[in-house]
>>> print(open('input17.pdb').read())   # PDB, C-alpha atoms
ATOM      1  CA  MET A  22       0.000   0.000   0.000
ATOM      2  CA  LYS A  23       1.466   3.336  -1.076
ATOM      3  CA  PRO A  24       1.801   6.012   1.620
ATOM      4  CA  LYS A  25      -0.404   9.057   1.300
ATOM      5  CA  LEU A  26       1.119  12.290   0.038
ATOM      6  CA  SER A  27      -0.027  14.057   3.210
ATOM      7  CA  ASP A  28       1.861  11.506   5.337
ATOM      8  CA  ILE A  29       5.045  12.042   3.326
ATOM      9  CA  VAL A  30       4.753  15.811   3.710
ATOM     10  CA  LYS A  31       4.186  15.401   7.438
ATOM     11  CA  VAL A  32       7.337  13.296   7.838
ATOM     12  CA  LEU A  33       9.411  15.757   5.808
ATOM     13  CA  ARG A  34       8.185  18.657   7.941
ATOM     14  CA  GLN A  35       9.063  16.797  11.125
ATOM     15  CA  LYS A  36      12.579  16.152   9.840
ATOM     16  CA  ALA A  37      12.952  19.787   8.844
ATOM     17  CA  ASN A  38      11.876  20.985  12.278
ATOM     18  CA  THR A  39      14.169  18.651  14.215
ATOM     19  CA  SER A  40      17.875  19.063  13.773
ATOM     20  CA  ASP A  41      20.894  18.835  15.972
ATOM     21  CA  THR A  42      22.030  21.931  17.806
ATOM     22  CA  LEU A  43      25.128  23.610  16.417
ATOM     23  CA  PHE A  44      27.523  24.722  19.159
ATOM     24  CA  VAL A  45      29.994  27.525  18.534
ATOM     25  CA  SER A  46      32.931  28.486  20.752
ATOM     26  CA  ASP A  47      33.026  32.172  19.743
ATOM     27  CA  PRO A  48      30.245  34.410  21.156
ATOM     28  CA  LYS A  49      30.747  36.728  18.168
ATOM     29  CA  ASP A  50      30.204  33.939  15.635
ATOM     30  CA  LYS A  51      28.025  35.201  12.759
ATOM     31  CA  ARG A  52      25.957  31.998  12.778
ATOM     32  CA  LEU A  53      25.010  32.559  16.423
ATOM     33  CA  LYS A  54      24.027  36.182  15.735
ATOM     34  CA  SER A  55      21.985  35.182  12.675
ATOM     35  CA  TYR A  56      20.143  32.489  14.654
ATOM     36  CA  GLN A  57      19.334  34.855  17.507
ATOM     37  CA  ASP A  58      18.074  37.543  15.128
ATOM     38  CA  SER A  59      15.933  35.062  13.187
ATOM     39  CA  LEU A  60      14.428  33.657  16.394
ATOM     40  CA  LYS A  61      13.681  37.142  17.718
ATOM     41  CA  LEU A  62      12.017  38.164  14.437
ATOM     42  CA  ASN A  63       9.929  34.986  14.471
ATOM     43  CA  ASN A  64       8.748  35.666  18.026
ATOM     44  CA  LEU A  65       7.954  39.311  17.266
ATOM     45  CA  SER A  66       6.002  38.464  14.109
ATOM     46  CA  LEU A  67       3.935  35.844  15.974
ATOM     47  CA  LYS A  68       3.284  38.280  18.804
ATOM     48  CA  ILE A  69       2.107  40.947  16.385
ATOM     49  CA  ALA A  70      -0.044  38.517  14.393
ATOM     50  CA  ASN A  71      -1.750  37.200  17.533
ATOM     51  CA  ARG A  72      -2.422  40.570  19.170
ATOM     52  CA  PRO A  73      -6.032  41.526  19.918
ATOM     53  CA  ASN A  74      -7.587  44.146  17.652
ATOM     54  CA  GLY A  75      -7.896  46.505  20.587
ATOM     55  CA  ASP A  76      -4.129  46.725  20.788
ATOM     56  CA  ILE A  77      -3.882  48.294  17.319
ATOM     57  CA  SER A  78      -3.206  52.006  17.615
ATOM     58  CA  TYR A  79      -3.213  54.293  14.609
ATOM     59  CA  GLY A  80      -1.006  57.306  14.355
ATOM     60  CA  ARG A  81      -2.570  60.680  13.736
ATOM     61  CA  LYS A  82      -1.387  63.002  11.038
ATOM     62  CA  PRO A  83      -0.298  66.303  12.638
ATOM     63  CA  GLU A  84      -2.473  69.268  11.776
ATOM     64  CA  GLY A  85      -1.169  71.827   9.343
ATOM     65  CA  LYS A  86       1.206  69.356   7.657
ATOM     66  CA  PHE A  87       0.676  67.630   4.363
ATOM     67  CA  SER A  88       1.879  64.188   3.416
ATOM     68  CA  LYS A  89       4.177  65.632   0.777
ATOM     69  CA  THR A  90       6.142  67.569   3.374
ATOM     70  CA  LEU A  91       6.788  64.485   5.544
ATOM     71  CA  PRO A  92       9.379  61.766   4.858
ATOM     72  CA  ALA A  93       7.823  58.589   3.491
ATOM     73  CA  GLU A  94       8.699  56.599   6.623
ATOM     74  CA  GLU A  95       7.087  59.189   8.911
ATOM     75  CA  PHE A  96       4.039  59.483   6.663
ATOM     76  CA  MET A  97       3.454  55.703   6.759
ATOM     77  CA  LYS A  98       3.206  55.819  10.546
ATOM     78  CA  TYR A  99       0.030  57.869  10.232
ATOM     79  CA  LEU A 100      -1.605  55.452   7.785
ATOM     80  CA  TYR A 101      -0.854  52.083   9.355
ATOM     81  CA  PRO A 102      -0.885  50.752  12.917
ATOM     82  CA  VAL A 103       2.511  51.130  14.535
ATOM     83  CA  THR A 104       3.529  49.471  17.806
ATOM     84  CA  PRO A 105       6.892  49.217  19.582
ATOM     85  CA  ASP A 106       7.082  45.554  18.506
ATOM     86  CA  GLU A 107       6.625  46.487  14.860
ATOM     87  CA  ILE A 108       9.284  49.172  15.083
ATOM     88  CA  ALA A 109      11.721  46.756  16.744
ATOM     89  CA  MET A 110      10.960  44.070  14.158
ATOM     90  CA  SER A 111      11.444  46.481  11.264
ATOM     91  CA  LYS A 112      14.778  47.763  12.587
ATOM     92  CA  LEU A 113      16.077  44.268  13.320
ATOM     93  CA  SER A 114      15.007  42.981   9.908
ATOM     94  CA  ASN A 115      16.736  45.855   8.104
ATOM     95  CA  LYS A 116      19.886  45.530  10.195
ATOM     96  CA  SER A 117      20.219  41.767   9.888
ATOM     97  CA  LYS A 118      18.965  41.731   6.261
ATOM     98  CA  ILE A 119      16.492  38.918   7.008
ATOM     99  CA  LEU A 120      13.391  38.962   4.800
ATOM    100  CA  PRO A 121       9.934  37.818   5.936
ATOM    101  CA  THR A 122       8.618  34.501   4.610
ATOM    102  CA  ARG A 123       4.934  35.349   4.540
ATOM    103  CA  TYR A 124       2.640  38.409   4.547
ATOM    104  CA  TYR A 125      -0.571  38.399   6.550
ATOM    105  CA  PRO A 126      -3.624  39.750   4.702
ATOM    106  CA  GLY A 127      -6.242  41.821   6.457
ATOM    107  CA  GLU A 128      -6.736  45.229   7.916
ATOM    108  CA  SER A 129      -3.818  45.062  10.347
ATOM    109  CA  GLY A 130      -1.469  43.582   7.792
ATOM    110  CA  GLY A 131       1.782  42.197   9.189
ATOM    111  CA  VAL A 132       4.551  39.830   8.184
ATOM    112  CA  HIS A 133       5.841  36.467   9.351
ATOM    113  CA  PHE A 134       9.458  35.461   9.845
ATOM    114  CA  LYS A 135      10.231  31.745   9.694
ATOM    115  CA  LYS A 136      11.583  30.093  12.809
ATOM    116  CA  PRO A 137      15.210  29.019  12.276
ATOM    117  CA  VAL A 138      15.521  25.288  11.672
ATOM    118  CA  GLN A 139      18.880  24.576  13.269
ATOM    119  CA  PRO A 140      19.456  25.949  16.775
ATOM    120  CA  VAL A 141      22.829  27.578  17.352
ATOM    121  CA  LYS A 142      24.178  27.940  20.869
ATOM    122  CA  TYR A 143      27.339  29.310  22.399
ATOM    123  CA  LYS A 144      29.427  26.822  24.333
ATOM    124  CA  LYS A 145      32.572  27.963  26.083
ATOM    125  CA  SER A 146      35.476  25.850  24.986
ATOM    126  CA  GLU A 147      37.235  24.035  27.794
ATOM    127  CA  PRO A 148      40.965  24.682  28.155
ATOM    128  CA  LYS A 149      43.119  21.887  26.892
ATOM    129  CA  LYS A 150      44.591  19.764  29.629
ATOM    130  CA  GLU A 151      48.334  19.797  29.479
ATOM    131  CA  GLU A 152      49.800  16.344  29.522
ATOM    132  CA  PRO A 153      52.461  15.867  32.176
ATOM    133  CA  THR A 154      55.892  15.957  30.660
ATOM    134  CA  LYS A 155      57.586  12.618  30.795
ATOM    135  CA  LYS A 156      60.874  12.651  32.583
ATOM    136  CA  LYS A 157      63.694  11.438  30.436
ATOM    137  CA  GLU A 158      65.335   8.441  31.937
ATOM    138  CA  SER A 159      68.970   9.182  32.457
ATOM    139  CA  LYS A 160      71.148   6.484  31.011
ATOM    140  CA  PRO A 161      74.134   5.466  33.076
ATOM    141  CA  VAL A 162      77.314   7.004  31.721
ATOM    142  CA  GLU A 163      79.634   4.315  30.559
ATOM    143  CA  LYS A 164      83.171   4.930  31.679
ATOM    144  CA  LYS A 165      85.841   4.394  29.110
ATOM    145  CA  GLN A 166      88.053   1.520  30.050
ATOM    146  CA  ASN A 167      91.801   1.906  30.101
ATOM    147  CA  VAL A 168      93.495   0.137  27.240
ATOM    148  CA  TYR A 169      96.632  -1.869  27.920
ATOM    149  CA  GLU A 170      98.828  -3.154  25.138
ATOM    150  CA  GLY A 171     101.913  -5.315  25.151
ATOM    151  CA  SER A 172     103.148  -8.412  26.896
ATOM    152  CA  PRO A 173     101.826  -9.310  30.374
ATOM    153  CA  VAL A 174     104.079  -8.472  33.324
ATOM    154  CA  TYR A 175     103.815 -10.505  36.528
ATOM    155  CA  SER A 176     104.985  -9.760  40.045
ATOM    156  CA  PRO A 177     107.894 -11.847  41.309
ATOM    157  CA  GLY A 178     106.541 -14.647  43.484
ATOM    158  CA  ALA A 179     109.700 -16.529  44.247
ATOM    159  CA  GLY A 180     110.742 -16.235  47.881
ATOM    160  CA  SER A 181     107.615 -14.425  48.915
ATOM    161  CA  GLY A 182     105.511 -17.491  49.349
ATOM    162  CA  MET A 183     102.976 -16.026  46.960
ATOM    163  CA  PRO A 184     102.264 -16.949  43.344
ATOM    164  CA  SER A 185     102.966 -14.474  40.592
ATOM    165  CA  ALA A 186     100.221 -11.909  39.853
ATOM    166  CA  LEU A 187      99.520  -9.878  36.720
ATOM    167  CA  VAL A 188     100.620  -6.309  37.442
ATOM    168  CA  GLY A 189     101.067  -4.658  34.029
ATOM    169  CA  PHE A 190     102.009  -4.825  30.374
ATOM    170  CA  ARG A 191     105.320  -4.200  28.634
ATOM    171  CA  SER A 192     105.419  -2.510  25.243
ATOM    172  CA  LYS A 193     107.811  -3.340  22.400
ATOM    173  CA  SER A 194     109.992  -0.418  23.409
ATOM    174  CA  GLY A 195     110.453  -1.988  26.850
ATOM    175  CA  ASP A 196     108.290   0.415  28.861
ATOM    176  CA  THR A 197     105.969  -1.150  31.429
ATOM    177  CA  THR A 198     102.476   0.207  32.036
ATOM    178  CA  TYR A 199     101.199  -0.939  35.421
ATOM    179  CA  ILE A 200      97.536  -1.695  36.006
ATOM    180  CA  LYS A 201      95.723   1.324  37.423
ATOM    181  CA  PRO A 202      93.747   1.117  40.694
ATOM    182  CA  GLU A 203      90.370   1.418  38.926
ATOM    183  CA  ASP A 204      91.232  -1.759  36.984
ATOM    184  CA  TYR A 205      92.314  -3.904  39.945
ATOM    185  CA  GLU A 206      88.990  -5.690  40.086
ATOM    186  CA  ARG A 207      88.822  -6.038  36.318
ATOM    187  CA  PHE A 208      92.147  -7.924  36.198
ATOM    188  CA  ALA A 209      91.608  -9.659  39.579
ATOM    189  CA  VAL A 210      94.804  -8.177  41.037
ATOM    190  CA  PRO A 211      95.412  -9.696  44.504
ATOM    191  CA  LYS A 212      96.483  -7.713  47.558
ATOM    192  CA  TYR A 213     100.166  -8.506  47.197
ATOM    193  CA  GLY A 214      99.955  -7.562  43.517
ATOM    194  CA  LYS A 215      98.476  -4.177  44.433
ATOM    195  CA  ALA A 216     101.314  -3.629  46.924
ATOM    196  CA  PHE A 217     103.872  -4.412  44.204
ATOM    197  CA  ILE A 218     102.272  -1.965  41.745
ATOM    198  CA  GLU A 219     102.108   0.793  44.374
ATOM    199  CA  SER A 220     105.745   0.276  45.277
ATOM    200  CA  LYS A 221     106.752   0.649  41.614
ATOM    201  CA  SER A 222     104.544   3.805  41.282
ATOM    202  CA  LYS A 223     106.253   5.420  44.314
ATOM    203  CA  LYS A 224     109.664   4.892  42.786
ATOM    204  CA  LYS A 225     108.553   6.868  39.742
TER     205      LYS A 225
END
>>> encode(input="input17.pdb", output="structure tokens")
Amino acid sequence: MKPKLSDIVKVLRQKANTSDTLFVSDPKDKRLKSYQDSLKLNNLSLKIANRPNGDISYGRKPEGKFSKTLPAEEFMKYLYPVTPDEIAMSKLSNKSKILPTRYYPGESGGVHFKKPVQPVKYKKSEPKKEEPTKKKESKPVEKKQNVYEGSPVYSPGAGSGMPSALVGFRSKSGDTTYIKPEDYERFAVPKYGKAFIESKSKKK
């Protein structure tokens, strides 16, 4: 069964009248201003259209003045009903350059401004949360190891009751470089070997 045309129109109107709210972070956003002006014009036009006839007040042309001597805008005030709402609506419409969507017929006349479809609201933007700075892990500084080159030199063990211990290295030129204190553990220099190295260093 085909849907009725009236049902289709009804659904389309419902979709047109329901839309998600648009949030803007700038209070001076032109879209926000346009929405507010359109909504205000819609409310004013409905208020004017629904006013009782007793609220219509006509201006009176001042005596001794002819229509030709008055500006057109002033002259119109004496021919048609003018209320503060109508003046406010006219000024707002001219300023915002929003045109009415429908004219009301009848003695009082009047115009209708369409209600804006998509609501626009101002929403203050939240400050961005600063992420805590990650502390850089300090890498342990690797100490450069002393380099020894040449033939191994051992401490004399004969007569001391101790075995020989590695105490240094002799180069091709015959110079001996003794193991430095920071390398004792590295080369497993025993106590008597340390004493031998220190005795040789003192002589220098």
>>> resolve_selection(input="input17.pdb", expression="the PyMOL selection byres ((chain A and resi 186) around 9)", output="list in words")
Val174, Tyr175, Ser176, Pro177, Gly178, Met183, Pro184, Ser185, Leu187, Val188, Ala209, Val210, Pro211, Tyr213 and Gly214 of chain A
>>> residues_around(input="input17.pdb", residues="Pro121 in chain A", least_positions_apart="3", cutoff="12 Å", atoms="only C-alpha atoms", output="compact mmCIF listing (two decimals) with C-alpha atoms, in the frame of the given file")
# COMPACT_ATOMS: atom_id res chain seq x y z
CA SER A 59 15.93 35.06 13.19
CA LEU A 62 12.02 38.16 14.44
CA ASN A 63 9.93 34.99 14.47
CA LEU A 65 7.95 39.31 17.27
CA SER A 66 6.00 38.46 14.11
CA LEU A 67 3.94 35.84 15.97
CA MET A 110 10.96 44.07 14.16
CA SER A 111 11.44 46.48 11.26
CA LEU A 113 16.08 44.27 13.32
CA SER A 114 15.01 42.98 9.91
CA ASN A 115 16.74 45.86 8.10
CA SER A 117 20.22 41.77 9.89
CA LYS A 118 18.96 41.73 6.26
CA TYR A 124 2.64 38.41 4.55
CA TYR A 125 -0.57 38.40 6.55
CA GLY A 131 1.78 42.20 9.19
CA VAL A 132 4.55 39.83 8.18
CA HIS A 133 5.84 36.47 9.35
CA PHE A 134 9.46 35.46 9.85
CA LYS A 135 10.23 31.74 9.69
CA LYS A 136 11.58 30.09 12.81
>>> resolve_selection(input="input17.pdb", expression="the PyMOL selection byres ((chain A and resi 190) around 9)", output="mmCIF file with C-alpha atoms, keeping the file's coordinate frame")
data_model
loop_
_atom_site.group_PDB
_atom_site.id
_atom_site.type_symbol
_atom_site.label_atom_id
_atom_site.label_comp_id
_atom_site.auth_asym_id
_atom_site.auth_seq_id
_atom_site.Cartn_x
_atom_site.Cartn_y
_atom_site.Cartn_z
ATOM 1 C CA TYR A 169 96.632 -1.869 27.920
ATOM 2 C CA GLU A 170 98.828 -3.154 25.138
ATOM 3 C CA GLY A 171 101.913 -5.315 25.151
ATOM 4 C CA SER A 172 103.148 -8.412 26.896
ATOM 5 C CA PRO A 173 101.826 -9.310 30.374
ATOM 6 C CA VAL A 174 104.079 -8.472 33.324
ATOM 7 C CA TYR A 175 103.815 -10.505 36.528
ATOM 8 C CA LEU A 187 99.520 -9.878 36.720
ATOM 9 C CA VAL A 188 100.620 -6.309 37.442
ATOM 10 C CA GLY A 189 101.067 -4.658 34.029
ATOM 11 C CA ARG A 191 105.320 -4.200 28.634
ATOM 12 C CA SER A 192 105.419 -2.510 25.243
ATOM 13 C CA ASP A 196 108.290 0.415 28.861
ATOM 14 C CA THR A 197 105.969 -1.150 31.429
ATOM 15 C CA THR A 198 102.476 0.207 32.036
ATOM 16 C CA TYR A 199 101.199 -0.939 35.421
ATOM 17 C CA ILE A 200 97.536 -1.695 36.006
#
>>> resolve_selection(input="input17.pdb", expression="the PyMOL selection byres ((chain A and resi 38-55) around 6)", output="number ranges by chain")
A: 35-37, 56-58, 138-146
>>> write_last_selection(input="input17.pdb", atoms="C-alpha atoms", output="short mmCIF file (atom, residue, chain, number, x, y, z; two decimals), in the coordinates of the input")
data_model
loop_
_atom_site.label_atom_id
_atom_site.label_comp_id
_atom_site.auth_asym_id
_atom_site.auth_seq_id
_atom_site.Cartn_x
_atom_site.Cartn_y
_atom_site.Cartn_z
CA GLN A 35 9.06 16.80 11.12
CA LYS A 36 12.58 16.15 9.84
CA ALA A 37 12.95 19.79 8.84
CA TYR A 56 20.14 32.49 14.65
CA GLN A 57 19.33 34.85 17.51
CA ASP A 58 18.07 37.54 15.13
CA VAL A 138 15.52 25.29 11.67
CA GLN A 139 18.88 24.58 13.27
CA PRO A 140 19.46 25.95 16.77
CA VAL A 141 22.83 27.58 17.35
CA LYS A 142 24.18 27.94 20.87
CA TYR A 143 27.34 29.31 22.40
CA LYS A 144 29.43 26.82 24.33
CA LYS A 145 32.57 27.96 26.08
CA SER A 146 35.48 25.85 24.99
#
>>> atom_distance(input="input17.pdb", atom1="CA of Glu147 in chain A", atom2="CA of Lys61 in chain A")
28.8 Å
>>> closest_residue(input="input17.pdb", among="A:Lys155, A:Arg123, A:Lys112, A:Lys215", to="Glu203 in chain A", atoms="all atoms listed in the file")
A:Lys215
>>> closest_residue(input="input17.pdb", among="A:Thr154, A:Gln166, A:Ser159, A:Asn64", to="Phe208 in chain A", atoms="all atoms listed in the file")
A:Gln166
>>> atom_distance(input="input17.pdb", atom1="CA of Ile119 in chain A", atom2="CA of Asn71 in chain A")
21.1 Å
>>> decode(input="input17.pdb", residues="range 113-170 of chain A", atoms="C-alpha atoms", output="PDB file, in the first residue's frame")
ATOM      1  CA  LEU A 113      16.077  44.268  13.320  1.00  0.00           C
ATOM      2  CA  SER A 114      15.007  42.981   9.908  1.00  0.00           C
ATOM      3  CA  ASN A 115      16.736  45.855   8.104  1.00  0.00           C
ATOM      4  CA  LYS A 116      19.886  45.530  10.195  1.00  0.00           C
ATOM      5  CA  SER A 117      20.219  41.767   9.888  1.00  0.00           C
ATOM      6  CA  LYS A 118      18.965  41.731   6.261  1.00  0.00           C
ATOM      7  CA  ILE A 119      16.492  38.918   7.008  1.00  0.00           C
ATOM      8  CA  LEU A 120      13.391  38.962   4.800  1.00  0.00           C
ATOM      9  CA  PRO A 121       9.934  37.818   5.936  1.00  0.00           C
ATOM     10  CA  THR A 122       8.618  34.501   4.610  1.00  0.00           C
ATOM     11  CA  ARG A 123       4.934  35.349   4.540  1.00  0.00           C
ATOM     12  CA  TYR A 124       2.640  38.409   4.547  1.00  0.00           C
ATOM     13  CA  TYR A 125      -0.571  38.399   6.550  1.00  0.00           C
ATOM     14  CA  PRO A 126      -3.624  39.750   4.702  1.00  0.00           C
ATOM     15  CA  GLY A 127      -6.242  41.821   6.457  1.00  0.00           C
ATOM     16  CA  GLU A 128      -6.736  45.229   7.916  1.00  0.00           C
ATOM     17  CA  SER A 129      -3.818  45.062  10.347  1.00  0.00           C
ATOM     18  CA  GLY A 130      -1.469  43.582   7.792  1.00  0.00           C
ATOM     19  CA  GLY A 131       1.782  42.197   9.189  1.00  0.00           C
ATOM     20  CA  VAL A 132       4.551  39.830   8.184  1.00  0.00           C
ATOM     21  CA  HIS A 133       5.841  36.467   9.351  1.00  0.00           C
ATOM     22  CA  PHE A 134       9.458  35.461   9.845  1.00  0.00           C
ATOM     23  CA  LYS A 135      10.231  31.745   9.694  1.00  0.00           C
ATOM     24  CA  LYS A 136      11.583  30.093  12.809  1.00  0.00           C
ATOM     25  CA  PRO A 137      15.210  29.019  12.276  1.00  0.00           C
ATOM     26  CA  VAL A 138      15.521  25.288  11.672  1.00  0.00           C
ATOM     27  CA  GLN A 139      18.880  24.576  13.269  1.00  0.00           C
ATOM     28  CA  PRO A 140      19.456  25.949  16.775  1.00  0.00           C
ATOM     29  CA  VAL A 141      22.829  27.578  17.352  1.00  0.00           C
ATOM     30  CA  LYS A 142      24.178  27.940  20.869  1.00  0.00           C
ATOM     31  CA  TYR A 143      27.339  29.310  22.399  1.00  0.00           C
ATOM     32  CA  LYS A 144      29.427  26.822  24.333  1.00  0.00           C
ATOM     33  CA  LYS A 145      32.572  27.963  26.083  1.00  0.00           C
ATOM     34  CA  SER A 146      35.476  25.850  24.986  1.00  0.00           C
ATOM     35  CA  GLU A 147      37.235  24.035  27.794  1.00  0.00           C
ATOM     36  CA  PRO A 148      40.965  24.682  28.155  1.00  0.00           C
ATOM     37  CA  LYS A 149      43.119  21.887  26.892  1.00  0.00           C
ATOM     38  CA  LYS A 150      44.591  19.764  29.629  1.00  0.00           C
ATOM     39  CA  GLU A 151      48.334  19.797  29.479  1.00  0.00           C
ATOM     40  CA  GLU A 152      49.800  16.344  29.522  1.00  0.00           C
ATOM     41  CA  PRO A 153      52.461  15.867  32.176  1.00  0.00           C
ATOM     42  CA  THR A 154      55.892  15.957  30.660  1.00  0.00           C
ATOM     43  CA  LYS A 155      57.586  12.618  30.795  1.00  0.00           C
ATOM     44  CA  LYS A 156      60.874  12.651  32.583  1.00  0.00           C
ATOM     45  CA  LYS A 157      63.694  11.438  30.436  1.00  0.00           C
ATOM     46  CA  GLU A 158      65.335   8.441  31.937  1.00  0.00           C
ATOM     47  CA  SER A 159      68.970   9.182  32.457  1.00  0.00           C
ATOM     48  CA  LYS A 160      71.148   6.484  31.011  1.00  0.00           C
ATOM     49  CA  PRO A 161      74.134   5.466  33.076  1.00  0.00           C
ATOM     50  CA  VAL A 162      77.314   7.004  31.721  1.00  0.00           C
ATOM     51  CA  GLU A 163      79.634   4.315  30.559  1.00  0.00           C
ATOM     52  CA  LYS A 164      83.171   4.930  31.679  1.00  0.00           C
ATOM     53  CA  LYS A 165      85.841   4.394  29.110  1.00  0.00           C
ATOM     54  CA  GLN A 166      88.053   1.520  30.050  1.00  0.00           C
ATOM     55  CA  ASN A 167      91.801   1.906  30.101  1.00  0.00           C
ATOM     56  CA  VAL A 168      93.495   0.137  27.240  1.00  0.00           C
ATOM     57  CA  TYR A 169      96.632  -1.869  27.920  1.00  0.00           C
ATOM     58  CA  GLU A 170      98.828  -3.154  25.138  1.00  0.00           C
TER      59      GLU A 170
END
